[in-house]
Every structure is written in structure tokens, then in C-alpha cells.
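Colleague: Take this structure, written in C-alpha cells, and hold onto it; I'll ask about it next.
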Amino acid sequence: MSVLGYVRVFAVSTLLLNLLVVYLIVFATPKSLGNFRWHILTLHNFQMIFEFGIIYCEFPFLGLPAFVGFTVGLFTEFGIGIYWQMVFSSFVLFSMLSMVQLIVFSRHQAILPANHWLKLGKVARDLWIYSCYSLPAFCSLTMAVLLWSYDYHAALGKIENKYPYLSPFFHQPSSGQTNPSVTLVLWSLGRASIQQVLAYIPIQIFGAFVGTATAYLDYLETLNFYDGGRRQIDGPNGTLCFFVTCIAPYSTKLSALFDQIVGTAILCMTMAAMLDPKNGVPKFLHPLFGGLTVLTIGLAFAQNDAYPIHAARDLGARLFMFIIYGKGVWTKDDYYWWVPILGPLIGGFVGAWLYVLFIDFHAWSNREEDEVEL
């Protein structure tokens with residue numbers, strides 16, 4: 001029997017011991033410990049997932065895939081890539097660390113005197129507990145972004161040799177964007193096909209539709225309290241502009257259109273500069289820089305019409321609001337609805353092509369062979 005076989009036999013033998021620990025935590029732990037025992041149970045469950053995940057699913061442990069190179073566990077047998085295996089390992093590991101922190105915090109709070117300055121109130125303790133339970137998800141998302149730029153392709157190559165039908169999923173770049181302006185710009189630059197454009201834009205609009213519906217249902221009781229259950233577009237109890245962009249009272253459609261062209265042009269010009277491989281911006285920083293760009297545009301250009309800079313974001317939301325408010329969503333502000341759609345589409349082309357014409361075309365001597373991977 002191989003070493004791996006002995007390891008797995010040992011893992012099976014520990015299953016009964018782990019189940020015994022679960023039984024003791026649930027039924028033999030003093031009830032006076034309260035929620036503390038459930039924190040211990042959660043920690044033990046993640047420990048079991050970690051143990052069996054490493055032994056059965058990811059052997060050897062994917063701490064440094066550039067050094068390990070490949071895995072021989074069940075995940076590999078089912079064609080799950082190393083990237084996703086590392087994200088899984090990160091989530092379980094962060095969960096264990098978070099539970100250890102929560103256990104220490106709970107016991108520390110339990111033994112502190114009532115008047116101690118470190119003693120937290122019930123609300124603060126609950127917030128800390130909820131944050132500990134949600135922390136692994138946020139840490140794993142951060143790890144996923146960082147790992148995306150890591151050199152794990154050599155290890156993926158070993159899997160692709162065994163599962164060649166999975167190769168398109170490993171190295172196929174995507175031109176998908178949530179913003180139709182960016183999608184159309186990529187098409188105009190030859191980095192997206194017309195088929196991708198026709199597929200992405202309806203999905204982008206549908207995504208905004210679903211997102212608006214979710215937000216509306218989440219705030220339904222708040223809206224009922226605000227307007228007494230009578231949806232109104234305008235007036236002191238008007239709520240339409242909570243979900244779609246509306247023009248300021250002192251602004252005109254022409255100035256709002258210009259505002260959207262400028263705002264989206266800045267967005268797409270910045271994105272073009274960031275995605276240009278000659279500028280050397282690390283890929284794991286793209287989400288951060290993109291978010292800061294949108295934040296900056298919002299701080300500078302939100303006064304006139306709330307800076308939609310995103311045709312699908314406004315059109316998808318307006319389509320859902322049409323179900324709730326009726327045709328007034330189209331006639332409000334003298335048929336303003338087309339401005340946050342046309343403005344971003346024009347601005348996207350203006351910004352991206354300004355970068356191409358005035359910067360990119362003048363750097364042919366330094367052009368790299370690699371295409372931008374989106």
C-alpha cells in the first residue's frame with residue numbers, strides 16, 4: 001500500500017473519534033456554556049472538513065501551487081481546477097481561524113467583571129459574533145482575487161493533459177462586463193465578438209432588473225412606512241428616484257447627457273489605461289482601481305443626475321420600476337429616461353478611443369505581443 005493509502009486508512013479510523021467529539025459537544029457539554037459550545041462545534045466541524053478535504057480531496061495540500069504543482073485528490077479526479085481548490089482551502093482555513101478567535105473572545109467576555117471597560121454590550125457582542133462568521137467569506141474572496149494573478153497555470157497544465165476537454169475553461173479569456181459601455185468598447189477595439197455583445201448586454205440588463213427587484217423587496221416595509229403603501233413617482237413621498245437615476249430640478253436633459261458622456265468617458269479611459277499591458281498594472285489591482293475610479297466619478301459628477309455611467313444599471317432598474325409605478329417611469333422629467341442610456345454608450349466610445357488615439361497609437365515601438373486578458 002502506498003503512503004497515500006495509509007494516510008487515507010488512518011483518516012477513516014479517525015472518523016469515529018471525530019463523531020464522538022461532536023456527540024460530546026452537543027450532548028455532554030454543560031448547558032451553562034450557552035452559545036459557547038456551538039462555537040466549539042462549528043470549529044470542530046470546519047476542522048473535520050479541513051482534515052478530510054486535505055486527505056481525500058486535495059492531497060497534497062495546496063499551500064503553494066507553484067511548488068506543489070498538482071494534486072491527486074477527488075477534486076482533481078472530477079476536474080476541479082487548482083485555483084478553486086485553493087479558494088476552498090482558504091475558506092476552510094479562514095473559518096477555523098475565525099472560530100478560534102470567536103472562542104477566545106467569548107470566553108474572555110464571560111470572565112470579565114460586569115463593570116470592566118473591555119466588557120461589551122449585547123449588541124456589540126452580537127455584531128462581533130456575526131462578523132466572525134462572515135469574515136471567512138470576505139477573506140476567501142480576497143484570496144480568490146489575489147490567487148487569480150498567481151502562477152498556477154503550470155499545475156493546471158498537468159490536469160489539462162489528463163482532461164483535455166476541460167482546457168477551454170482554464171485559459172479562455174472572457175470579455176464579459178456588467179457595463180454595456182465597456183462591452184461595446186471592447187467590441188469596437190476587436191477584443192469582443194458581436195456574438196458576445198449580443199449575449200452579454202441582455203444579461204447585463206437582466207442582472208440590473210433582478211438586483212433592483214431584490215432591493216425593492218428588501219426595503220418594501222420601509223417604503224410602506226415612508227409613503228403609506230401608495231407608490232408615488234413625484235412629490236414629498238415620491239420613491240421612484242430611490243431606484244433609478246433622476247435629473248436634478250435645475251438641470252436640463254442636454255446638460256445631463258453631456259454629464260454622462262464625460263463621466264463614462266473618464267471611466268472607460270481609465271479602464272483602457274489600466275488594462276493596457278504596457279502600463280504594467282497588476283491584474284489583482286484592477287478591481288481596486290476600478291472601484292476607486294467609480295467612487296471618484298461619483299464624488300465629482302453625481303450632482304446633476306446621480307452619475308449612472310451604466311446603461312444597463314438604469315434601464316434594468318427602470319424596467320422593474322415600470323411594473324411597480326407604471327408608464328410614469330418613462331414620462332418623468334419630460335422623457336428623461338433615454339439620457340442615462342445613450343450618454344454612457346457615447347461616453348464609453350469617446351473615452352476609450354481618446355486613449356487609443358492619443359496614447360496607445362504612439363507606443364507601437366513598445367507594444368507587447370500579449371493581448372489584454374479580461
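Convention: chains lettered A, B, ... in C-alpha cells order; per-chain residue numbering from 1; ligands numbered from 1 as shown.
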Would you pick out the contacts of Ala300 in chain A at 9 Å or less, using only C-alpha atoms, so that residues sharing its chain but fewer than 4 positions from it are not included, and give the list as a ChimeraX atom specification?

Modeller: /A:263,295-296

Colleague: Can you pull out the residues contacting range 13-21 of chain A? Cut-off 9 Å, using only C-alpha atoms, and skip same-chain residues under 6 positions away; I want them as a tab-separated table (two decimals) with all heavy atoms, in the first residue's frame.

Modeller:
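Okay, result_16.tsv is ready:
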```
chain	number	residue	atom	x	y	z
A	41	LEU	N	-18.46	23.66	18.43
A	41	LEU	CA	-18.94	22.70	17.44
A	41	LEU	C	-18.63	23.17	16.02
A	41	LEU	O	-18.20	22.37	15.17
A	41	LEU	CB	-20.45	22.49	17.62
A	41	LEU	CG	-21.11	21.53	16.61
A	41	LEU	CD1	-20.54	20.13	16.76
A	41	LEU	CD2	-22.62	21.52	16.81
A	44	HIS	N	-14.99	22.62	15.35
A	44	HIS	CA	-14.68	21.20	15.13
A	44	HIS	C	-15.17	20.74	13.76
A	44	HIS	O	-14.49	19.96	13.08
A	44	HIS	CB	-15.31	20.36	16.23
A	44	HIS	CG	-15.00	18.89	16.10
A	44	HIS	ND1	-13.74	18.38	16.33
A	44	HIS	CD2	-15.78	17.84	15.73
A	44	HIS	CE1	-13.75	17.07	16.12
A	44	HIS	NE2	-14.98	16.72	15.76
A	45	ASN	N	-16.32	21.23	13.33
A	45	ASN	CA	-16.83	20.83	12.01
A	45	ASN	C	-15.91	21.31	10.90
A	45	ASN	O	-15.62	20.57	9.95
A	45	ASN	CB	-18.24	21.39	11.81
A	45	ASN	CG	-19.27	20.68	12.67
A	45	ASN	OD1	-19.06	19.54	13.09
A	45	ASN	ND2	-20.37	21.35	12.96
A	48	MET	N	-12.92	19.13	10.80
A	48	MET	CA	-13.15	17.87	10.10
A	48	MET	C	-13.15	18.07	8.59
A	48	MET	O	-12.59	17.26	7.84
A	48	MET	CB	-14.49	17.27	10.56
A	48	MET	CG	-14.46	16.64	11.94
A	48	MET	SD	-15.90	15.57	12.24
A	48	MET	CE	-17.23	16.74	12.06
```

Colleague: Neighbouring residues of Val329 in chain A were defined as those with any atom within 9 Å, considering only C-alpha atoms; residues of the same chain fewer than 6 positions away were excluded. Please report them as a PDB file with N, CA and C atoms, in the first residue's frame.

Modeller:
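File written: result35.pdb
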```
ATOM      1  N   ILE A 233     -44.444  58.644  -7.741  1.00  0.00           N
ATOM      2  CA  ILE A 233     -43.246  58.970  -8.510  1.00  0.00           C
ATOM      3  C   ILE A 233     -42.646  60.287  -8.044  1.00  0.00           C
ATOM      4  N   LEU A 240     -39.599  56.821  -6.567  1.00  0.00           N
ATOM      5  CA  LEU A 240     -39.023  56.258  -7.788  1.00  0.00           C
ATOM      6  C   LEU A 240     -37.521  56.497  -7.859  1.00  0.00           C
ATOM      7  N   VAL A 244     -33.958  54.494  -9.545  1.00  0.00           N
ATOM      8  CA  VAL A 244     -33.457  54.890 -10.862  1.00  0.00           C
ATOM      9  C   VAL A 244     -32.868  56.290 -10.752  1.00  0.00           C
ATOM     10  N   ARG A 318     -35.229  50.544 -14.376  1.00  0.00           N
ATOM     11  CA  ARG A 318     -36.436  51.234 -14.845  1.00  0.00           C
ATOM     12  C   ARG A 318     -37.469  50.235 -15.357  1.00  0.00           C
ATOM     13  N   LEU A 319     -37.012  49.149 -15.955  1.00  0.00           N
ATOM     14  CA  LEU A 319     -37.952  48.125 -16.412  1.00  0.00           C
ATOM     15  C   LEU A 319     -38.697  47.499 -15.237  1.00  0.00           C
ATOM     16  N   MET A 321     -39.152  48.979 -12.289  1.00  0.00           N
ATOM     17  CA  MET A 321     -39.995  50.026 -11.715  1.00  0.00           C
ATOM     18  C   MET A 321     -41.239  50.282 -12.561  1.00  0.00           C
ATOM     19  N   PHE A 322     -41.174  49.972 -13.856  1.00  0.00           N
ATOM     20  CA  PHE A 322     -42.353  50.091 -14.712  1.00  0.00           C
ATOM     21  C   PHE A 322     -43.472  49.172 -14.220  1.00  0.00           C
ATOM     22  N   TYR A 335     -39.584  62.843 -20.329  1.00  0.00           N
ATOM     23  CA  TYR A 335     -38.980  61.695 -21.018  1.00  0.00           C
ATOM     24  C   TYR A 335     -37.448  61.706 -20.894  1.00  0.00           C
ATOM     25  N   TRP A 337     -35.701  59.385 -19.580  1.00  0.00           N
ATOM     26  CA  TRP A 337     -35.209  58.024 -19.419  1.00  0.00           C
ATOM     27  C   TRP A 337     -34.109  57.647 -20.412  1.00  0.00           C
TER      28      TRP A 337
END
```

Colleague: Taking into account only C-alpha atoms, which residue in the set A:Trp84, A:Phe46, A:Phe91, A:Phe243 is nearest to Ala213 in chain A?

Modeller: A:Phe243

Colleague: For Tyr355 in chain A, which of A:Thr183, A:Thr270, A:Gln232, A:Asn115 is the closest residue, counting only C-alpha atoms?

Modeller: A:Thr270

Colleague: From the list A:Ile49, A:Cys241, A:Ile203, A:Leu186, which residue is nearest Asp333 in chain A when using only C-alpha atoms?

Modeller: A:Cys241

Colleague: If you measure from CA of Tyr336 in chain A to CA of Ser255 in chain A, what distance in Å do you get, rounded to one decimal?

Modeller: 11.6 Å

Colleague: Skipping near chain neighbours, those fewer than 3 positions away, what residues fall within 8 Å of Lys253 in chain A using only C-alpha atoms, listed as a ChimeraX atom specification?

Modeller: /A:247,256-257,336,339

Colleague: Write out, as a compact mmCIF listing (two decimals), in the first residue's frame, the residues just selected, with C-alpha atoms.

Modeller:
```txt
# COMPACT_ATOMS: atom_id res chain seq x y z
CA ILE A 247 -32.35 64.61 -13.22
CA ALA A 256 -27.34 65.69 -18.16
CA LEU A 257 -26.41 64.00 -21.44
CA TYR A 336 -35.56 61.84 -19.39
CA VAL A 339 -30.35 60.13 -21.26
```

Colleague: Point out the residue among A:Ile194, A:Ile201, A:Val356, A:Ala208 with the least atom-to-atom distance to Met271 in chain A, counting only C-alpha atoms.

Modeller: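 Smallest distance to Met271 in chain A is found for A:Val356.
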
Colleague: Calculate how many Å separate CA of Asp276 in chain A from CA of Ala311 in chain A, rounding to one decimal.

Modeller: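 Interatomic distance, CA of Asp276 in chain A to CA of Ala311 in chain A: 24.1 Å.
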
Colleague: Among range 156-365 of chain A, which ones does DSSP assign to alpha helix (DSSP H) (computed from the backbone)? Answer as number ranges by chain.

Modeller: A: 156-162, 167-171, 180-188, 194-218, 220-227, 253-275, 286-301, 311-325, 328-335, 339-358

Colleague: List the spatial neighbours of Asp227 in chain A as a PyMOL selection string - criterion: any atom at most 12 Å away, only C-alpha atoms, same-chain residues fewer than 5 positions off excluded.

Modeller: chain A and resi 220-222+232-240
